[in-house]
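K.L.:
Before I ask anything, let me first share the structure, which is written out below as structure tokens.
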Amino acid sequence: MRNGKSFYRILLSLVIILLAVQSMLPIRDRIPEQYLASCVTHDRAAFEELMRQAHERLEVGQSKSLFLAIRDIASAEKIDLSRFFKNKNVDDIKNLSEKNKTLLNILLADSKGKIKQGLDLKGGVSCLLKIDDSKFENLGASEKTEQLNKAIDIIRQRIDGLGVAEPLLRGVGKNCIEIQLPGISMQDNPEIVDTIKKPAKLEFKLLHPTLMPKSKSERAPIGYEVLVFEGGRGEEEYAFVKRIPDMTGSMVKHAGVVVGQYGEYEISLTMTEEGARCFEKITAANINRRLGIVLDGKLYSAPSIRSAIANGRASISGKFSQRDAFELSNILNNPLEFELKFVELSEIGPSLAEDARISSLRAMLIGTAVVAAFMLIFYHVAGIVSLVAVMANIVIVLGVMATIGGTLTLPGIAALVLTIGMAVDANILIFERVREELLSGKPLKAALAAGHEKAFSTVLDANLTTLLTAIILIHFGVGPVKGFGVILAIGIFATMFGALVLSKGLLEFLVEKDLVKKLIPDFRIKPTSFDFFKHIKLMAGIYATVALACIVVTVFRGTRIYGIDFTGGDEITLTFDKKIPMDEINKLASEHGMGEVTSVYQKSTADSSEILRIQTPEGQGTKFFDHLNNHFQNSNLFLVRKTEIGASVGQGIKLNALISVILSMVGVMVYVAFRFETGYGIGAVISTIADVVVTVLIYLALGHQISAPMIASILMVVGYAINDTIIVFDRIREELKTNKTKTLKDVINLSINRTLSRTILTSASTFLAALALYLFGSGVVVDFALVFAMGVIVGTFSSIFIASPVFYAWHRGDRTTVIGGSAT
């Protein structure tokens, strides 16, 4: 260890942690009035008068929020709000209305807490959109369903590019779409629905070659219409534009954001092959004529054609802010074939009952405390250091989530707790290596260096295989699958940083400064010498019997294995005189065997009336209403309507999740084959597939259903199983190099025995965290924890009794066929 190296590791860690903390601030929403007052840089007296007028509008109900009141006053009186906020750079926007709108959006976003809470914790807004019936007249039932599902997929992509915003989208009835957006207030974001439902109909239309109107009301020549667009200095200009487009957006392959030659944001368009040919033909035949770029009936720009354009590229310029430019490019990349009509808008409360939220959060604290106690008991000072690193890990993950706009849900918090258990895996691996070096007689400083050096490749390989899985989920996944990949990738980098930089730096500092005499206690799990191969047939028989029994039970249950997220169901809408606690609703549903039931209170933005919406399995809505009405007679419940709701996890997401997992398995096999050799890759993939299949089968056989949170927990099992298997394989590779005379079977037995203490300790720490969530949690957290706890047990079993025997069988027990396994 070079003196002072630890100082730079610690310094780097502190800088990254501080940046992560800064990105999370403010954690909670700030009071709008106080925040705006704190941001004013000039002409405070005039701004205070503006605020007084805004409050007057709020009192008489002319505006729904302070931000909208300020916007409305500024629009009516032609006030440039940027003169009050000189530190907000919006001077590039010439149109006063757009400038004020962009500025207020920036201030509103800055006033909000950076860590957004999900629908289960905080609620949000619910919007019901309807597809125009006239568009469905000539379609059959299957075609209507296909169009509805396509619209849902497109809207999901618009809302959630990274998959971390956690919206809820589902079909309602035959032609409606429900969208629930977490952590959003319609009072401050009235345009969000318009953004979502825009069809993004892009057209290229030639302008009249000689005539220009002087007003919007001027009569247009035959075949033309008058459109308005913004001139170079922000003023309105008029143009005669052809009614029939010369080319449509269907010939545009991709839209992206670029910075123009004068620093303004533009939308770059790349054509398809057919589009490029068509665009060249249009431009070649109309030199010196203007070509209008029209989106949803609005003329954005009308550049002059100077020459034929053969490269299939064009751009839309329109005095866009950066935010508007990215929003527009996102819409263009996900165009709807028809416009959606607004039906209903309301604000919804948290979908999880208060006592369920409290009990689940308490369970997470207990889980964290259990892991902390575990590390302190087994590793003393080193355990304290690892906990510091793991806490830093969580701060970094939350910081990055805040930066990319991720939404924190209760299952997400549960995943973070389980990440604590998994993150200590790297530390345990290193500490066990250090302990081996200490027991061999090396002094503390040398043992610490040797332990880190020998564990480095194992930690790297284990995390890189999991990272590869995350990258494939990000690239090929959509919705929650892609979101999980993003969070998993962040967690991997944070884990490696915590173990290899922060933890190592702190340990080196303690040893260099001679602050501790003993980092790790002498205690260790007694070395074993089990002959695992002797019991393979017995274990394989038990494994197969359990799997077969679970298959029989699952087949017997049939479609009942799917929850509302996958099958849809009934939704009943109720009015009431007295609120019913949501935990009481859940309790009643359980007593009557209703299956999965979710409820949420919803407040209309139109008249502030409040209703209760309850979702039940298909065909159970009216029946459950009768139970509620009999049990809560003093609430005076009234059934407003019963509606069929579609699945929130569509066929596309289900198929995509399956394809993503398959591709990740192929990727892992290729990587492991490259880093180790083919036999290792085959063993890793077969054992991981077995882990997932058996875990899911046991979960379903216990009477549970497949739900959206279960997808995330299964993906966590995939990551954990791969990690555990790679660690065993890395030790086999090492022992093959150092034990030249042993048979392949003996080397595998030796490797498993030497990693057994690490396997037991890491599995125990992760399992205890999951067990705490299961015993003390509530709702989806319990299911999430149960799947993962079973995955830990099954994964530990398979890394010993499936992965290694498959590797052995692949080489037919001959170590000379293993790369690096020859005795010479």
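Labels for the structure tokens follow display order: chains A, B, ..., residues from 1 in each chain, ligands from 1.
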With a distance cut-off of 8 Å and only C-alpha atoms, select the neighbouring residues of Val666 of chain A, excluding the residue or stretch itself and same-chain residues fewer than 4 positions from it, and output the selection as a list in words.
P.N.:
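Here the qualifying residues turn out to be Ile662, Val670 and Val685 of chain A.
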K.L.:
Would you list, as a PyMOL selection string, the residues of segment 300-478 of chain A that end up in alpha helix (DSSP H) under DSSP run on this structure's backbone?
P.N.:
chain A and resi 322-333+354-404+410-439+444-476
K.L.:
Compile the contact shell of segment 360-367 of chain A as a ChimeraX atom specification: residues with an atom at most 9 Å away, counting only C-alpha atoms, same-chain residues fewer than 3 positions apart removed.
P.N.:
/A:355-357,370-372,410,413-414,417-418,421,768-779,781-782
K.L.:
Rounded to one decimal in Å, what is the spacing between atom CA of Leu108 of chain A and atom CA of Cys127 of chain A?
P.N.:
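Computing the Euclidean distance for atom CA of Leu108 of chain A and atom CA of Cys127 of chain A yields 20.9 Å.
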K.L.:
Residues within 10 Å of Phe801 of chain A, please, as a ChimeraX atom specification. Count only C-alpha atoms; anything in the same chain fewer than 3 positions from it doesn't count.
P.N.:
/A:532-533,535-537,539-540,543,687,752,795-798,804-806
K.L.:
Would you pick out the contacts of Glu453 of chain A at 12 Å or less, using only C-alpha atoms, so that residues sharing its chain but fewer than 6 positions from it are not included, and give the list as a ChimeraX atom specification?
P.N.:
/A:1,429-431,433-434,437,446-447,459-460,500,504
K.L.:
Can you pull out every residue within 9 Å of segment 388-404 of chain A, counting only C-alpha atoms, but drop anything in the same chain fewer than 5 positions away, and send it as a PDB file with N, CA and C atoms, in the first residue's frame?
P.N.:
ATOM      1  N   SER A  13     -14.519   9.582  -2.729  1.00  0.00           N
ATOM      2  CA  SER A  13     -15.797   9.076  -2.229  1.00  0.00           C
ATOM      3  C   SER A  13     -16.648  10.193  -1.640  1.00  0.00           C
ATOM      4  N   ILE A  16     -18.171  12.369  -4.431  1.00  0.00           N
ATOM      5  CA  ILE A  16     -19.294  11.706  -5.111  1.00  0.00           C
ATOM      6  C   ILE A  16     -20.523  11.650  -4.211  1.00  0.00           C
ATOM      7  N   ILE A  17     -20.319  11.367  -2.927  1.00  0.00           N
ATOM      8  CA  ILE A  17     -21.445  11.322  -1.989  1.00  0.00           C
ATOM      9  C   ILE A  17     -22.090  12.702  -1.857  1.00  0.00           C
ATOM     10  N   LEU A  19     -22.080  15.106  -4.084  1.00  0.00           N
ATOM     11  CA  LEU A  19     -22.802  15.388  -5.330  1.00  0.00           C
ATOM     12  C   LEU A  19     -24.139  14.660  -5.355  1.00  0.00           C
ATOM     13  N   ALA A  20     -24.142  13.419  -4.852  1.00  0.00           N
ATOM     14  CA  ALA A  20     -25.384  12.637  -4.804  1.00  0.00           C
ATOM     15  C   ALA A  20     -26.393  13.292  -3.862  1.00  0.00           C
ATOM     16  N   VAL A  21     -25.901  13.739  -2.693  1.00  0.00           N
ATOM     17  CA  VAL A  21     -26.789  14.406  -1.722  1.00  0.00           C
ATOM     18  C   VAL A  21     -27.342  15.694  -2.319  1.00  0.00           C
ATOM     19  N   GLN A  22     -26.468  16.444  -2.988  1.00  0.00           N
ATOM     20  CA  GLN A  22     -26.908  17.707  -3.602  1.00  0.00           C
ATOM     21  C   GLN A  22     -27.998  17.471  -4.647  1.00  0.00           C
ATOM     22  N   SER A  23     -27.863  16.385  -5.419  1.00  0.00           N
ATOM     23  CA  SER A  23     -28.847  16.099  -6.458  1.00  0.00           C
ATOM     24  C   SER A  23     -30.195  15.695  -5.873  1.00  0.00           C
ATOM     25  N   MET A  24     -30.217  15.274  -4.605  1.00  0.00           N
ATOM     26  CA  MET A  24     -31.468  14.883  -3.949  1.00  0.00           C
ATOM     27  C   MET A  24     -32.188  16.054  -3.295  1.00  0.00           C
ATOM     28  N   LEU A  25     -31.533  17.207  -3.215  1.00  0.00           N
ATOM     29  CA  LEU A  25     -32.113  18.355  -2.514  1.00  0.00           C
ATOM     30  C   LEU A  25     -32.869  19.257  -3.481  1.00  0.00           C
ATOM     31  N   GLY A 113     -39.680  18.460  -4.692  1.00  0.00           N
ATOM     32  CA  GLY A 113     -38.668  17.560  -4.157  1.00  0.00           C
ATOM     33  C   GLY A 113     -38.070  16.727  -5.277  1.00  0.00           C
ATOM     34  N   LYS A 114     -36.783  16.495  -5.216  1.00  0.00           N
ATOM     35  CA  LYS A 114     -36.097  15.807  -6.312  1.00  0.00           C
ATOM     36  C   LYS A 114     -36.391  14.299  -6.341  1.00  0.00           C
ATOM     37  N   ILE A 115     -36.712  13.720  -5.192  1.00  0.00           N
ATOM     38  CA  ILE A 115     -37.054  12.296  -5.172  1.00  0.00           C
ATOM     39  C   ILE A 115     -38.572  12.187  -5.240  1.00  0.00           C
ATOM     40  N   LYS A 116     -39.066  11.789  -6.392  1.00  0.00           N
ATOM     41  CA  LYS A 116     -40.504  11.693  -6.590  1.00  0.00           C
ATOM     42  C   LYS A 116     -41.033  10.400  -5.977  1.00  0.00           C
ATOM     43  N   LEU A 162     -37.195   6.328 -19.854  1.00  0.00           N
ATOM     44  CA  LEU A 162     -36.211   5.483 -19.162  1.00  0.00           C
ATOM     45  C   LEU A 162     -36.854   4.352 -18.375  1.00  0.00           C
ATOM     46  N   VAL A 164     -38.437   4.631 -15.539  1.00  0.00           N
ATOM     47  CA  VAL A 164     -38.301   4.809 -14.084  1.00  0.00           C
ATOM     48  C   VAL A 164     -39.363   5.730 -13.490  1.00  0.00           C
ATOM     49  N   GLY A 383     -16.818  -4.710   9.525  1.00  0.00           N
ATOM     50  CA  GLY A 383     -18.264  -4.664   9.323  1.00  0.00           C
ATOM     51  C   GLY A 383     -18.794  -3.246   9.376  1.00  0.00           C
ATOM     52  N   LEU A 416     -34.224  -1.569  -2.580  1.00  0.00           N
ATOM     53  CA  LEU A 416     -33.026  -0.934  -2.022  1.00  0.00           C
ATOM     54  C   LEU A 416     -32.563  -1.660  -0.764  1.00  0.00           C
ATOM     55  N   VAL A 417     -33.531  -2.080   0.071  1.00  0.00           N
ATOM     56  CA  VAL A 417     -33.174  -2.816   1.289  1.00  0.00           C
ATOM     57  C   VAL A 417     -32.505  -4.141   0.922  1.00  0.00           C
ATOM     58  N   THR A 419     -30.960  -4.656  -1.778  1.00  0.00           N
ATOM     59  CA  THR A 419     -29.665  -4.283  -2.359  1.00  0.00           C
ATOM     60  C   THR A 419     -28.604  -4.171  -1.273  1.00  0.00           C
ATOM     61  N   ILE A 420     -29.025  -3.749  -0.074  1.00  0.00           N
ATOM     62  CA  ILE A 420     -28.080  -3.683   1.046  1.00  0.00           C
ATOM     63  C   ILE A 420     -27.524  -5.076   1.308  1.00  0.00           C
ATOM     64  N   ALA A 423     -25.298  -5.914  -1.551  1.00  0.00           N
ATOM     65  CA  ALA A 423     -24.091  -5.086  -1.615  1.00  0.00           C
ATOM     66  C   ALA A 423     -23.023  -5.555  -0.636  1.00  0.00           C
ATOM     67  N   VAL A 424     -23.449  -6.113   0.503  1.00  0.00           N
ATOM     68  CA  VAL A 424     -22.445  -6.591   1.450  1.00  0.00           C
ATOM     69  C   VAL A 424     -21.753  -7.844   0.913  1.00  0.00           C
ATOM     70  N   ILE A 487     -32.117   0.925 -12.840  1.00  0.00           N
ATOM     71  CA  ILE A 487     -31.801   0.934 -11.407  1.00  0.00           C
ATOM     72  C   ILE A 487     -30.744  -0.121 -11.078  1.00  0.00           C
ATOM     73  N   ILE A 490     -27.321   1.172 -12.092  1.00  0.00           N
ATOM     74  CA  ILE A 490     -26.870   2.181 -11.117  1.00  0.00           C
ATOM     75  C   ILE A 490     -26.367   1.500  -9.853  1.00  0.00           C
ATOM     76  N   GLY A 491     -27.140   0.516  -9.388  1.00  0.00           N
ATOM     77  CA  GLY A 491     -26.782  -0.204  -8.162  1.00  0.00           C
ATOM     78  C   GLY A 491     -25.468  -0.953  -8.284  1.00  0.00           C
ATOM     79  N   PHE A 493     -22.823  -0.200 -10.272  1.00  0.00           N
ATOM     80  CA  PHE A 493     -21.718   0.759 -10.212  1.00  0.00           C
ATOM     81  C   PHE A 493     -21.517   1.272  -8.790  1.00  0.00           C
ATOM     82  N   ALA A 494     -22.643   1.549  -8.100  1.00  0.00           N
ATOM     83  CA  ALA A 494     -22.542   2.038  -6.722  1.00  0.00           C
ATOM     84  C   ALA A 494     -21.946   0.979  -5.804  1.00  0.00           C
ATOM     85  N   THR A 495     -22.328  -0.283  -6.003  1.00  0.00           N
ATOM     86  CA  THR A 495     -21.795  -1.379  -5.185  1.00  0.00           C
ATOM     87  C   THR A 495     -20.297  -1.547  -5.384  1.00  0.00           C
ATOM     88  N   MET A 496     -19.861  -1.552  -6.635  1.00  0.00           N
ATOM     89  CA  MET A 496     -18.429  -1.703  -6.918  1.00  0.00           C
ATOM     90  C   MET A 496     -17.648  -0.515  -6.378  1.00  0.00           C
ATOM     91  N   PHE A 497     -18.230   0.670  -6.525  1.00  0.00           N
ATOM     92  CA  PHE A 497     -17.559   1.860  -5.991  1.00  0.00           C
ATOM     93  C   PHE A 497     -17.427   1.759  -4.474  1.00  0.00           C
ATOM     94  N   GLY A 498     -18.518   1.351  -3.807  1.00  0.00           N
ATOM     95  CA  GLY A 498     -18.475   1.256  -2.347  1.00  0.00           C
ATOM     96  C   GLY A 498     -17.466   0.247  -1.855  1.00  0.00           C
ATOM     97  N   ALA A 499     -17.391  -0.927  -2.520  1.00  0.00           N
ATOM     98  CA  ALA A 499     -16.503  -1.998  -2.054  1.00  0.00           C
ATOM     99  C   ALA A 499     -15.042  -1.760  -2.438  1.00  0.00           C
ATOM    100  N   VAL A 501     -13.582   1.148  -3.702  1.00  0.00           N
ATOM    101  CA  VAL A 501     -12.998   2.489  -3.522  1.00  0.00           C
ATOM    102  C   VAL A 501     -13.179   2.965  -2.081  1.00  0.00           C
ATOM    103  N   LEU A 502     -14.429   3.175  -1.662  1.00  0.00           N
ATOM    104  CA  LEU A 502     -14.669   3.740  -0.332  1.00  0.00           C
ATOM    105  C   LEU A 502     -14.250   2.782   0.778  1.00  0.00           C
ATOM    106  N   SER A 503     -14.785   1.553   0.745  1.00  0.00           N
ATOM    107  CA  SER A 503     -14.465   0.579   1.793  1.00  0.00           C
ATOM    108  C   SER A 503     -12.959   0.309   1.849  1.00  0.00           C
TER     109      SER A 503
END
K.L.:
Which value, in Å to one decimal, gives the distance between atom CA of Ile177 of chain A and atom CA of Ile711 of chain A?
P.N.:
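For atom CA of Ile177 of chain A relative to atom CA of Ile711 of chain A, the distance reads 22.9 Å.
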K.L.:
Record the distance separating atom CA of Lys587 of chain A and atom CA of Thr575 of chain A, expressed in Å with one decimal.
P.N.:
20.0 Å
K.L.:
Pick out the closest residue to Gly681 of chain A from this set: A:Ala803, A:Leu14, A:Asp531, A:Asp570. Count only C-alpha atoms.
P.N.:
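Of A:Ala803, A:Leu14, A:Asp531, A:Asp570, the one nearest Gly681 of chain A is A:Ala803, counting only C-alpha atoms.
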K.L.:
Write out as a list in words the residues lying within 8 Å of segment 213-230 of chain A, counting only C-alpha atoms and excluding same-chain residues fewer than 4 positions away.
P.N.:
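The residues that qualify are Asn95, His208, Gly234, Glu235, Glu236, Glu237, Tyr238, Ala239, Phe240, Val241, Lys242, Arg243, Ile244, Lys298, Leu299, Tyr300, Ser301 and Gly318 of chain A.
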